[in-house]
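What follows is a single structure, written as structure tokens, with notes after it.
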Amino acid sequence: MPGLIPENILDDILSRVNIAEVISEYIPLKRAGRNFKALCPFHHEKTPSFMVSPDRQIYHCFGCGQSGNAFKFLMQYERIEFPEAVEILAKKAGVILPEIKKQDNQTQSLVSQLYKVNEQAAYFYEQALYSRENEQALNYLLKRNIKKETMKLFRLGFAPDRWDVLMSYLRQKAAGLSLQEKAGLIVSKPDGGYHDRFKNRITFPILDVKSRVIAFGARIFADKDNKLAKYVNSPETFIYTKGKNLYGLNLAKDAIRERDYAVIVEGNLDCIMPYQEGLRNIVASLGTALTEEQVRLLKRYTQNAVMIYDADNAGQNATLRSLGIFLEEDMNVRIVALPEGLDPDLFVRKYGIRALEDEIEKAKGLFDYQLGVLESRYDIGKEEGKRKIFDEMLITIKKVKNGILRSEYIKRLAEHADVPEFEVRDEFNKLKDGRLRPDSYRFIERGKAANINPTEKLLIKLMLEENELIEHIRQHLEPADFQDERTARIVSVMFDLISQGKVIETSKLLNYLDDEDTLKYICESAFKSEVSSENKEKVIDDCIRLIKNKRLLLARQRLQEEIEIAEGSGDEEKLNKLKTQFSDLLKKR
């Protein structure tokens with residue numbers, strides 16, 4: 001069960017909402033018999049294959065396989081977590097949620113105050129940017145071709161060149177010095193007192209996906225002696241952790257979902273300028289190497305990314321480090337290598353947004369990009385250089401989860417270096433104890449798992465239709481009788497719910513199962529034609545018999561193999577025991 005919300009509360013919410021009404025607020029539905037149909041919101045299609053069942057309170061797309069109940073739809077469409085989906089539907093259904101104490105009251109109060117004081121600081125900085133006394137900062141941004149509308153959209157501001165002006169403003173708003181310090185807005189001085197952390201800098205508020213101000217970045221714009229740090233950033237606080245947010249995502253998330261890819265740059269201005277000129281699916285990694293948390297955050301909106309980092313060594317290294325994270329998260333990534341000395345901000349100002357979009361269209365795949373970088377550093381014509389290139393390329397290839405793609409990369413690497421493919425594969429296999437990782441064959445295993453035994457599939461369908469028959473099935477079968485792990489798991493949950501005196505409803509059953517494959521299987525089964533009522537009992541008895549016989553057959557096969565081993569080893573005592581067990585199984589048919 002997801003989260004800490006009691007089961008009865010979740011059931012109550014689902015009982016009060018109509019999934020068709022919930023989904024129709026996001027996409028238009030058309031009546032199709034007892035169900036509704038629509039173009040799927042989760043993949044592009046011309047013919048509707050997205051079905052909604054008011055009877056079962058579930059949805060299923062026969063095109064892409066997305067399935068679930070009302071909670072799952074909100075999570076997928078809005079890209080939110082389970083508790084947020086529950087909160088939204090509870091409000092709609094008029095259900096009062098119990099207090100879930102994830103944090104003590106004192107911490108919760110501090111979090112609320114931090115959001116508030118950051119918002120107040122952002123407003124103060126915004127107003128300061130447009131005051132006459134700070135026109136030098138405003139002119140700096142205008143000279144960089146940033147329009148006032150863009151400044152307001154990204155909430156750019158300016159921290160005045162005075163030590164205590166922000167402190168005074170916030171104290172008037174009832175925000176004490178202790179709170180300001182906890183928010184990272186002020187810094188204590190060695191000789192006592194505090195000063196504004198961002199004094200005399202242009203401020204870039206960092207907003208989360210809900211557009212709440214959680215931190216600031218600040219840039220120097222006038223330093224003739226080059227003695228000051230170019231950028232100053234907020235420290236980590238209760239509401240801000242470095243490497244867990246993406247600059248501009250609150251503005252870009254809809255465009256990322258619509259275009260189905262995200263452009264990732266390094267700095268604030270590298271994000272702002274392309275966005276202003278029309279590239280709306282762009283975010284920045286806040287000046288750090290991309291982290292797992294940032295990639296997972298992005299993955300809520302798309303499986304595809306294009307990276308544009310600096311072409312110097314530091315930028316190349318940051319990009320190479322990020323490739324492994326994308327691979328481990330099973331995301332597709334391409335890389336744009338801009339001419340050295342140009343970042344996205346300067347490139348757009350010099351050549352225009354169309355030129356940058358052309359570069360994005362020509363972006364290299366991770367294999368070609370990494371190989372190109374390595375060949376610029378090492379001489380592939382020499383043995384030592386070739387070894388270094390191979391080592392790094394094979395380590396990256398090992399992280400590729402798709403077995404077919406991984407095999408293709410090995411083949412291409414062999415052809416590129418003019419080395420026999422079997423030798424490259426041997427080197428690849430040596431990376432981990434001479435064996436490939438288990439997930440090397442994941443694409444094969446996925447294919448096998450999809451082929452559920454038809455008898456098990458039919459029985460699950462019948463159990464979803466007739467609660468009264470589940471007890472009859474429970475008297476003759478147990479979860480271990482089912483060969484597919486998914487059907488065994490579904491049956492186990494259904495048996496547990498029936499034993500607790502609960503009614504099995506498809507939409508509520510989904511709350512107890514979190515495996516995507518299983519959810520898809522249940523929803524797909526629910527939309528298939530029902531078995532005629534006069535045949536149901538006979539069909540169920542036939543299914544029970546076939547499933548029991550299948551389990552006995554497999555057990556006999558395993559015993560037969562053990563008997564052959566015992567015969568070969570001459571272990572008479574073990575052989576006699578196995579033969580007795582085999583005889584007993586034959587009688588059970």
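Each chain in the structure tokens gets a letter, A, B and so on, in the order shown; residues start at 1 in every chain, and ligands are counted from 1 in the order they appear.
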Shell around A:Leu458 at 12 Å using only C-alpha atoms, local window under 3 positions removed, as a ChimeraX atom specification = /A:452-455,461-465,487,521-522,524-526,528-531,536,539-544,546-547
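Interatomic distance, atom CA of A:Glu392 to atom CA of A:His416: 14.9 Å.
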Near A:Lys182, within 9 Å and counting only C-alpha atoms, which residues show up once chain neighbours fewer than 6 positions away are dropped, as a PyMOL selection string?
-> chain A and resi 114+237-238
Generate a file of the selected residues that holds C-alpha atoms, formatted as a PDB file, in the first residue's frame.
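Writing done, so here's part.pdb:
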ATOM      1  CA  LEU A 114      10.863  29.386   5.244  1.00  0.00           C
ATOM      2  CA  THR A 237      17.991  24.478   4.207  1.00  0.00           C
ATOM      3  CA  PHE A 238      14.953  22.469   5.343  1.00  0.00           C
TER       4      PHE A 238
END
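The two atoms in question, atom CA of A:Ile397 and atom CA of A:Asp343, are spaced 28.6 Å apart.
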Run DSSP on the backbone of this structure and report the residues of stretch 296-489 of chain A it assigns to helix (DSSP H, G or I), as a PyMOL selection string.
-> chain A and resi 296-299+313-328+344-351+353-361+366-377+383-398+403-417+421-429+438-450+454-465+467-476+479-481+485-489
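When only C-alpha atoms are used to measure the gap to A:Ser109, the shortest distance among A:Arg155, A:Ile239, A:Arg79, A:Tyr130 belongs to A:Ile239.
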In Å and to one decimal, atom CA of A:Phe221 is distant from atom CA of A:Ile146 by 14.2 Å
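If you measure from each of A:Val117, A:Arg197, A:Gln66, A:Cys61 to A:Glu516 using only C-alpha atoms, the closest one turns out to be A:Gln66.
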Please provide the set of residues having any atom within 8 Å of A:Val306, restricted to only C-alpha atoms, with same-chain residues fewer than 3 positions apart removed, written as a ChimeraX atom specification.
-> /A:261-264,333-336,360,363
Serialized selection, all heavy atoms, as an mmCIF file, in the first residue's frame:
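And here's out24.cif as it stands now:
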data_model
loop_
_atom_site.group_PDB
_atom_site.id
_atom_site.type_symbol
_atom_site.label_atom_id
_atom_site.label_comp_id
_atom_site.auth_asym_id
_atom_site.auth_seq_id
_atom_site.Cartn_x
_atom_site.Cartn_y
_atom_site.Cartn_z
ATOM 1 N N TYR A 261 10.728 15.876 -24.656
ATOM 2 C CA TYR A 261 12.162 15.875 -24.340
ATOM 3 C C TYR A 261 12.493 17.172 -23.604
ATOM 4 O O TYR A 261 11.785 18.176 -23.733
ATOM 5 C CB TYR A 261 13.031 15.703 -25.592
ATOM 6 C CG TYR A 261 13.190 16.911 -26.482
ATOM 7 C CD1 TYR A 261 14.261 17.794 -26.322
ATOM 8 C CD2 TYR A 261 12.291 17.156 -27.520
ATOM 9 C CE1 TYR A 261 14.419 18.892 -27.156
ATOM 10 C CE2 TYR A 261 12.446 18.248 -28.363
ATOM 11 C CZ TYR A 261 13.515 19.110 -28.173
ATOM 12 O OH TYR A 261 13.668 20.197 -28.995
ATOM 13 N N ALA A 262 13.553 17.110 -22.815
ATOM 14 C CA ALA A 262 13.996 18.283 -22.065
ATOM 15 C C ALA A 262 15.399 18.665 -22.495
ATOM 16 O O ALA A 262 16.247 17.797 -22.716
ATOM 17 C CB ALA A 262 13.987 17.986 -20.572
ATOM 18 N N VAL A 263 15.632 19.966 -22.626
ATOM 19 C CA VAL A 263 16.970 20.477 -22.906
ATOM 20 C C VAL A 263 17.565 20.899 -21.563
ATOM 21 O O VAL A 263 16.939 21.646 -20.807
ATOM 22 C CB VAL A 263 16.918 21.681 -23.864
ATOM 23 C CG1 VAL A 263 18.319 22.256 -24.068
ATOM 24 C CG2 VAL A 263 16.309 21.264 -25.196
ATOM 25 N N ILE A 264 18.762 20.409 -21.264
ATOM 26 C CA ILE A 264 19.398 20.700 -19.978
ATOM 27 C C ILE A 264 20.661 21.520 -20.215
ATOM 28 O O ILE A 264 21.544 21.113 -20.972
ATOM 29 C CB ILE A 264 19.778 19.403 -19.240
ATOM 30 C CG1 ILE A 264 18.570 18.478 -19.137
ATOM 31 C CG2 ILE A 264 20.314 19.731 -17.839
ATOM 32 C CD1 ILE A 264 18.922 17.090 -18.670
ATOM 33 N N VAL A 333 19.455 9.920 -23.916
ATOM 34 C CA VAL A 333 20.129 11.212 -23.825
ATOM 35 C C VAL A 333 20.954 11.465 -25.080
ATOM 36 O O VAL A 333 21.576 10.554 -25.622
ATOM 37 C CB VAL A 333 21.027 11.291 -22.566
ATOM 38 C CG1 VAL A 333 22.089 10.216 -22.575
ATOM 39 C CG2 VAL A 333 21.668 12.668 -22.428
ATOM 40 N N ARG A 334 20.901 12.727 -25.546
ATOM 41 C CA ARG A 334 21.750 13.165 -26.657
ATOM 42 C C ARG A 334 22.510 14.401 -26.189
ATOM 43 O O ARG A 334 22.114 15.064 -25.238
ATOM 44 C CB ARG A 334 20.914 13.480 -27.898
ATOM 45 C CG ARG A 334 20.209 12.258 -28.480
ATOM 46 C CD ARG A 334 19.399 12.599 -29.728
ATOM 47 N NE ARG A 334 18.322 13.528 -29.439
ATOM 48 C CZ ARG A 334 18.047 14.627 -30.135
ATOM 49 N NH1 ARG A 334 18.811 14.970 -31.167
ATOM 50 N NH2 ARG A 334 17.036 15.400 -29.817
ATOM 51 N N ILE A 335 23.596 14.709 -26.870
ATOM 52 C CA ILE A 335 24.470 15.791 -26.427
ATOM 53 C C ILE A 335 24.752 16.760 -27.564
ATOM 54 O O ILE A 335 25.070 16.339 -28.684
ATOM 55 C CB ILE A 335 25.807 15.233 -25.882
ATOM 56 C CG1 ILE A 335 25.546 14.265 -24.736
ATOM 57 C CG2 ILE A 335 26.706 16.364 -25.403
ATOM 58 C CD1 ILE A 335 25.471 12.818 -25.142
ATOM 59 N N VAL A 336 24.650 18.055 -27.255
ATOM 60 C CA VAL A 336 25.018 19.119 -28.195
ATOM 61 C C VAL A 336 26.388 19.656 -27.777
ATOM 62 O O VAL A 336 26.583 20.036 -26.624
ATOM 63 C CB VAL A 336 23.988 20.264 -28.176
ATOM 64 C CG1 VAL A 336 24.499 21.449 -28.990
ATOM 65 C CG2 VAL A 336 22.647 19.786 -28.712
ATOM 66 N N ILE A 360 20.366 21.238 -31.743
ATOM 67 C CA ILE A 360 19.653 20.222 -30.963
ATOM 68 C C ILE A 360 19.202 19.080 -31.861
ATOM 69 O O ILE A 360 19.297 17.901 -31.497
ATOM 70 C CB ILE A 360 18.453 20.855 -30.225
ATOM 71 C CG1 ILE A 360 18.960 21.784 -29.120
ATOM 72 C CG2 ILE A 360 17.529 19.790 -29.646
ATOM 73 C CD1 ILE A 360 17.881 22.629 -28.466
ATOM 74 N N ALA A 363 21.995 16.777 -32.469
ATOM 75 C CA ALA A 363 22.672 16.318 -31.245
ATOM 76 C C ALA A 363 23.143 14.873 -31.385
ATOM 77 O O ALA A 363 22.472 14.028 -31.984
ATOM 78 C CB ALA A 363 21.727 16.438 -30.051
#
Residues at most 8 Å from A:Asn250, counting only C-alpha atoms, excluding those fewer than 3 positions away in the same chain, as an MDAnalysis selection string?
-> chainID A and resid 207:211 247 253
Which of these, A:Thr150, A:Gln120, A:Gln560, A:Thr203, has the shortest distance to A:Leu166 once you count only C-alpha atoms?
->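 Among the listed residues, the smallest separation from A:Leu166 belongs to A:Gln120.
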Please provide the set of residues having any atom within 9 Å of stretch 370-375 of chain A, restricted to only C-alpha atoms, with same-chain residues fewer than 3 positions apart removed, written as a PyMOL selection string.
-> chain A and resi 316+320+323+365-367+378-380+385-386+388-389+392-393+413
Near-A:Phe62 list (12 Å; only C-alpha atoms; drop same-chain fewer than 4 positions) as a PyMOL selection string = chain A and resi 37-40+42-43+45+47-52+66-67+520-521+523-525+527-528
